[in-house]
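Take a look at the structure set out below.
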Amino acid sequence: MNVNKERLLRNLLEIIKIDSESLNEKTMIQWVEDYFKKRGVEIYKDNCGKQFGGNGSNILVHIKGKVKGEAICFAAHLDTVVPGKNIEPIIEKNIMKSAGDTILAGDDKGGIAAILEAIECIKENKIPHRDIYVLFTVCEEIGMLGAKRFDVSKLETKNVVIVDAAGPAGIIAYAAPAKDDLKIKFIGKKAHAGIEPEKGINAVYIASKAINNMTLGRIDEITTANIGRIEGGGPTNVVTDEVIVTLEVRSHGLEKLDALVNSIKEACHNSAKEFSGRVEIEVNRDYPTLSLNKESFIFRHCIDSYKKEGIEPNAVIIGGGSDANILAGKGFDCAIISCGMDKVHTVDETLNLDDVYKTAEVLKRMIQE
C-alpha cells in the first residue's frame with residue numbers, strides 16, 4: 001500500500017502556513033500535539049524553550065510495534081529561519097516554492113510531512129511495524145538549542161534517522177564536522193590620536209597582526225576556519241583600545257580541530273605581546289563530530305530501504321552541523337536523509353514534492369521491515 005500523496009500534501013501545506021521561526025514554535029508544537037492526540041498517541045513535551053528565551057518544546061512520540069527488531073526514531077526540527085512569517089506556498093509542476101518574499105520552510109516541514117505520512121499509512125493499513133519513536137526538536141536553526149537540552153533517557157533506541165538533508169531523495173549524510181566558536185578580545189590602551197598617540201596601544205594593530213598570522217579558509221579536506229565578525233573602535237582621534245573578533249573552526253578530526261584552535265590562540269598571544277597589549281580568548285565547542293559507522297544497523301537499513309524503493313542511495317560527508325551532531329555526541333547512531341529541499345534558508349527555496357513522496361515511502365519501509 002502506497003502512501004497517500006493527497007493527504008501528505010494537505011498536511012504539508014497546512015504546516016508550512018504555520019509561523020514557526022526559531023524561538024517562536026508554540027503554534028506549530030500545538031499542531032503536532034493535537035495531531036497525535038487525535039490518533040490516541042501520547043506525547044512527551046519538555047518545555048525546554050524556557051531555558052533559552054523561547055516558547056517551544058521538544059516533542060517525543062512512542063508508537064509500540066509488533067515486529068521484532070531494533071526500534072527506529074525519526075527526527076525533524078519544528079523551527080524555521082527568517083523570514084518565515086505568512087508564507088504563501090505555490091506549486092508549479094510538482095515543485096513547491098514561496099511567493100518570493102519569504103522562505104518556503106520545506107526545511108524542515110518537508111521532513112515532518114514525510115514522517116507523519118509514513119506512520120499514518122502504516123497505522124491506517126494495519127501494517128505490522130517496529131517500535132517507532134519520533135522526535136521533533138526546536139531551535140535547530142539557531143544552534144540546535146532544543147537537541148542540546150533534550151533528555152536522552154526518554155529515547156530508548158540508539159537508531160535515529162533525521163529527515164533534514166537538502167537534495168533529491170537518496171542522500172544519506174553520515175559524517176559532519178565538529179565546530180568550535182571563538183570570541184577574541186584584543187585589549188590596548190586609549191590615548192589622543194593627534195596629541196600623544198605614542199602613549200596608546202592600538203587594538204586594531206594587535207588584531208590585524210594576529211589575523212595575518214592565522215591560517216584561515218579551507219585548511220584541508222576536512223578542516224575549515226572563518227572569521228565572521230570584527231568590531232571595535234570609535235572616533236578617529238582616539239587610539240582604539242578594544243577590538244573583538246569572532247570566528248569558527250570546523251573539522252571532522254578533533255586533533256586537527258584542537259591543533260588549529262591552538263595555533264590561532266598562539267597567534268593572538270604573540271601579537272598581544274609584541275604590541276604590549278592583552279588578549280582574552282573564549283573557546284566554546286558548539287557541537288561534536290558526526291561519524292556514523294557504515295556497518296551500523298541504521299546505515300545499512302537506510303541503504304537497503306532506498307534500494308528496495310528503487311532509489312540509488314548516495315552516502316555523503318557534509319560540512320554543516322545539525323541535530324545529528326548533538327545526538328551523536330550523546331551516543332546515538334544518526335543518519336541524515338534528504339527529502340527534496342533545495343536553496344534552503346533563502347527566499348528562492350524549493351521543495352520537490354516527488355522527492356517528499358519517495359522519502360515517505362522509504363520511511364514506511366524502514367519501520368515495517
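We name chains A, B, ... following the order of the C-alpha cells; residues begin at 1 in each chain, and ligands are numbered from 1 as shown.
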
Show me, as a Markdown table, the residues of stretch 218-256 of chain A having an atom within 8 Å of stretch 167-187 of chain A, each with the closest atom pair and its distance in Å, using only C-alpha atoms.
```
| residue | atom | partner | partner_atom | distance |
| --- | --- | --- | --- | --- |
| A:Ile222 | CA | A:Pro177 | CA | 7.6 |
| A:Asp241 | CA | A:Ile187 | CA | 5.6 |
| A:Glu242 | CA | A:Ile187 | CA | 4.8 |
| A:Val243 | CA | A:Phe186 | CA | 5.2 |
| A:Ile244 | CA | A:Lys185 | CA | 4.5 |
| A:Val245 | CA | A:Ile184 | CA | 5.1 |
| A:Thr246 | CA | A:Lys183 | CA | 4.6 |
| A:Leu247 | CA | A:Leu182 | CA | 5.3 |
| A:Glu248 | CA | A:Asp181 | CA | 4.6 |
| A:Val249 | CA | A:Asp180 | CA | 5.3 |
| A:Arg250 | CA | A:Lys179 | CA | 4.4 |
| A:Ser251 | CA | A:Pro177 | CA | 4.8 |
| A:His252 | CA | A:Pro177 | CA | 4.1 |
| A:Gly253 | CA | A:Pro177 | CA | 7.4 |
| A:Leu254 | CA | A:Ala178 | CA | 7.3 |
```

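Near A:Lys308, within 10 Å and counting only C-alpha atoms, sit Ile303, Val362 and Arg365 of chain A; same-chain residues fewer than 5 positions away were not included.
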
Could you save those same residues with all heavy atoms as a PDB file, in the first residue's frame?
```pdb
ATOM      1  N   ILE A 303      20.421   2.248   3.515  1.00  0.00           N
ATOM      2  CA  ILE A 303      20.861   1.787   2.190  1.00  0.00           C
ATOM      3  C   ILE A 303      19.866   0.785   1.618  1.00  0.00           C
ATOM      4  O   ILE A 303      19.413   0.913   0.462  1.00  0.00           O
ATOM      5  CB  ILE A 303      22.264   1.145   2.281  1.00  0.00           C
ATOM      6  CG1 ILE A 303      23.325   2.187   2.630  1.00  0.00           C
ATOM      7  CG2 ILE A 303      22.606   0.423   0.975  1.00  0.00           C
ATOM      8  CD1 ILE A 303      23.693   3.138   1.525  1.00  0.00           C
ATOM      9  N   VAL A 362      10.138   5.511   1.680  1.00  0.00           N
ATOM     10  CA  VAL A 362      11.347   4.924   2.266  1.00  0.00           C
ATOM     11  C   VAL A 362      11.202   4.809   3.784  1.00  0.00           C
ATOM     12  O   VAL A 362      11.552   3.779   4.376  1.00  0.00           O
ATOM     13  CB  VAL A 362      12.582   5.774   1.903  1.00  0.00           C
ATOM     14  CG1 VAL A 362      13.807   5.325   2.690  1.00  0.00           C
ATOM     15  CG2 VAL A 362      12.862   5.668   0.403  1.00  0.00           C
ATOM     16  N   ARG A 365       8.964   1.945   4.651  1.00  0.00           N
ATOM     17  CA  ARG A 365       9.657   0.662   4.522  1.00  0.00           C
ATOM     18  C   ARG A 365      10.590   0.423   5.713  1.00  0.00           C
ATOM     19  O   ARG A 365      10.708  -0.701   6.199  1.00  0.00           O
ATOM     20  CB  ARG A 365      10.440   0.610   3.210  1.00  0.00           C
ATOM     21  CG  ARG A 365      11.126  -0.727   2.971  1.00  0.00           C
ATOM     22  CD  ARG A 365      11.713  -0.817   1.595  1.00  0.00           C
ATOM     23  NE  ARG A 365      10.699  -0.920   0.564  1.00  0.00           N
ATOM     24  CZ  ARG A 365      10.085  -2.060   0.211  1.00  0.00           C
ATOM     25  NH1 ARG A 365      10.374  -3.198   0.850  1.00  0.00           N
ATOM     26  NH2 ARG A 365       9.190  -2.074  -0.750  1.00  0.00           N
TER      27      ARG A 365
END
```

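Checking A:Cys339, A:Met214, A:Ile43, A:Leu292 one by one against A:Val61, counting only C-alpha atoms, you find the shortest gap at A:Ile43.
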
Based on the backbone DSSP call, show me all residues of stretch 114-299 of chain A assigned strand (DSSP E or B), as a ChimeraX atom specification.
/A:132-137,159-166,171-176,178-187,189,192,201,217-220,223-232,238,242-251,278-287,290-291

Can you list, as a PyMOL selection string, every residue of stretch 103-241 of chain A that DSSP puts in alpha helix (DSSP H)?
chain A and resi 106-124+145-149+203-212

Do you know which residues are at most 9 Å from A:Gly143 counting only C-alpha atoms, after dropping those on the same chain fewer than 5 positions away, and could you put them as a ChimeraX atom specification?
/A:148,286-287,321-323

Selection export as a short mmCIF file (atom, residue, chain, number, x, y, z; two decimals), in the first residue's frame, atoms kept: N, CA and C atoms:
```
data_model
loop_
_atom_site.label_atom_id
_atom_site.label_comp_id
_atom_site.auth_asym_id
_atom_site.auth_seq_id
_atom_site.Cartn_x
_atom_site.Cartn_y
_atom_site.Cartn_z
N LYS A 148 20.20 20.06 22.24
CA LYS A 148 21.21 20.12 23.30
C LYS A 148 20.59 19.92 24.68
N ASP A 286 30.76 24.14 20.02
CA ASP A 286 29.36 24.28 19.68
C ASP A 286 28.69 22.93 19.46
N TYR A 287 29.40 22.03 18.77
CA TYR A 287 28.87 20.69 18.60
C TYR A 287 29.99 19.72 18.24
N GLY A 321 26.62 21.51 10.57
CA GLY A 321 26.18 20.84 11.79
C GLY A 321 24.67 20.79 11.87
N SER A 322 24.15 19.84 12.64
CA SER A 322 22.71 19.69 12.79
C SER A 322 22.42 18.95 14.10
N ASP A 323 21.14 18.66 14.32
CA ASP A 323 20.76 17.87 15.49
C ASP A 323 21.48 16.54 15.53
#
```

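Here atom CA of A:Pro235 is placed at a distance of 16.9 Å from atom CA of A:Lys199.
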
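Each of A:Ala193, A:Cys121, A:Ile317, A:Val204 was checked against A:Ile336 using only C-alpha atoms; the smallest atom-to-atom distance is that of A:Ile317.
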
Proximity to A:Cys139 - best of A:Val81, A:Val161, A:Leu9, A:Ile103, only C-alpha atoms
A:Val81

Just the residues within 10 Å of A:Ser263, please, counting only C-alpha atoms, with nothing from its chain fewer than 5 positions along; format it as a list of chain:residue names.
A:Asn213, A:Met214, A:Thr215, A:Asp258, A:Cys268, A:His269

Output N, CA and C atoms for every residue in the selection just made, as an mmCIF file, in the first residue's frame.
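Okay, this is what ended up in again_2.cif:
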```cif
data_model
loop_
_atom_site.group_PDB
_atom_site.id
_atom_site.type_symbol
_atom_site.label_atom_id
_atom_site.label_comp_id
_atom_site.auth_asym_id
_atom_site.auth_seq_id
_atom_site.Cartn_x
_atom_site.Cartn_y
_atom_site.Cartn_z
ATOM 1 N N ASN A 213 48.566 36.269 10.918
ATOM 2 C CA ASN A 213 49.340 35.065 11.233
ATOM 3 C C ASN A 213 48.465 33.829 11.467
ATOM 4 N N MET A 214 47.163 33.980 11.256
ATOM 5 C CA MET A 214 46.264 32.830 11.379
ATOM 6 C C MET A 214 46.167 32.099 10.051
ATOM 7 N N THR A 215 45.922 30.792 10.121
ATOM 8 C CA THR A 215 45.622 30.009 8.924
ATOM 9 C C THR A 215 44.107 29.895 8.836
ATOM 10 N N ASP A 258 41.562 20.830 17.360
ATOM 11 C CA ASP A 258 42.261 21.366 18.534
ATOM 12 C C ASP A 258 43.578 22.027 18.147
ATOM 13 N N CYS A 268 47.347 35.021 18.495
ATOM 14 C CA CYS A 268 46.772 36.136 19.253
ATOM 15 C C CYS A 268 47.683 36.550 20.412
ATOM 16 N N HIS A 269 48.154 35.583 21.156
ATOM 17 C CA HIS A 269 49.031 35.887 22.299
ATOM 18 C C HIS A 269 50.343 36.517 21.839
#
```

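Picture a line from atom CA of A:Val134 to atom CA of A:Gly329; it runs 18.8 Å.
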
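Minimum atom-to-atom distances from A:Val347, A:Cys302, A:Ile59, A:Ala267 to A:Arg149 were compared using only C-alpha atoms, and the lowest value belongs to A:Ile59.
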
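Using only C-alpha atoms for every distance, the candidate list A:Pro89, A:Gly340, A:Gly331, A:Gly100 yields A:Gly331 as the residue closest to A:Glu156.
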
For A:Gly84, the nearest of the candidates A:Ile15, A:Ala71, A:Leu290, A:Ile132, counting only C-alpha atoms
A:Ile15

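Within the 10 Å cut-off around A:Ala328, using only C-alpha atoms and omitting residues fewer than 4 positions from it on the same chain, the listed residues are Lys158, Val160, Tyr287, Pro288, Thr289, Leu290, Ser291, Leu292, Asp323, Ala324, Phe332, Asp333, Cys334 and Ala335 of chain A.
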
Keeping only C-alpha atoms, write the selected residues as a PDB file, in the first residue's frame.
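Listing of again_33.pdb after writing:
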```pdb
ATOM      1  CA  LYS A 158      20.109   4.342  19.534  1.00  0.00           C
ATOM      2  CA  VAL A 160      17.985   7.817  14.637  1.00  0.00           C
ATOM      3  CA  TYR A 287      28.866  20.687  18.600  1.00  0.00           C
ATOM      4  CA  PRO A 288      30.801  17.416  18.277  1.00  0.00           C
ATOM      5  CA  THR A 289      31.500  15.385  15.151  1.00  0.00           C
ATOM      6  CA  LEU A 290      29.006  13.102  13.477  1.00  0.00           C
ATOM      7  CA  SER A 291      30.653   9.895  12.323  1.00  0.00           C
ATOM      8  CA  LEU A 292      28.236   7.051  11.626  1.00  0.00           C
ATOM      9  CA  ASP A 323      20.756  17.873  15.495  1.00  0.00           C
ATOM     10  CA  ALA A 324      22.544  14.742  14.305  1.00  0.00           C
ATOM     11  CA  PHE A 332      23.138   7.746  19.212  1.00  0.00           C
ATOM     12  CA  ASP A 333      23.713   6.332  15.722  1.00  0.00           C
ATOM     13  CA  CYS A 334      22.444   9.086  13.432  1.00  0.00           C
ATOM     14  CA  ALA A 335      21.875   9.233   9.693  1.00  0.00           C
TER      15      ALA A 335
END
```

Shell of 8 Å around stretch 352-361 of chain A, only C-alpha atoms, local chain residues under 4 positions omitted, as a list of chain:residue names
A:Asn2, A:Val3, A:Lys5, A:Leu8, A:Asn94, A:Ile95, A:Met96, A:Gly110, A:Gly111, A:Ala114, A:Ile115, A:Glu117, A:Ala118, A:Pro168, A:Ala169, A:Glu309, A:Ser338, A:Cys339, A:Gly340, A:Met341, A:Arg365

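Across the structure, atom CA of A:Ala272 and atom CA of A:Glu196 are spaced 20.7 Å apart.
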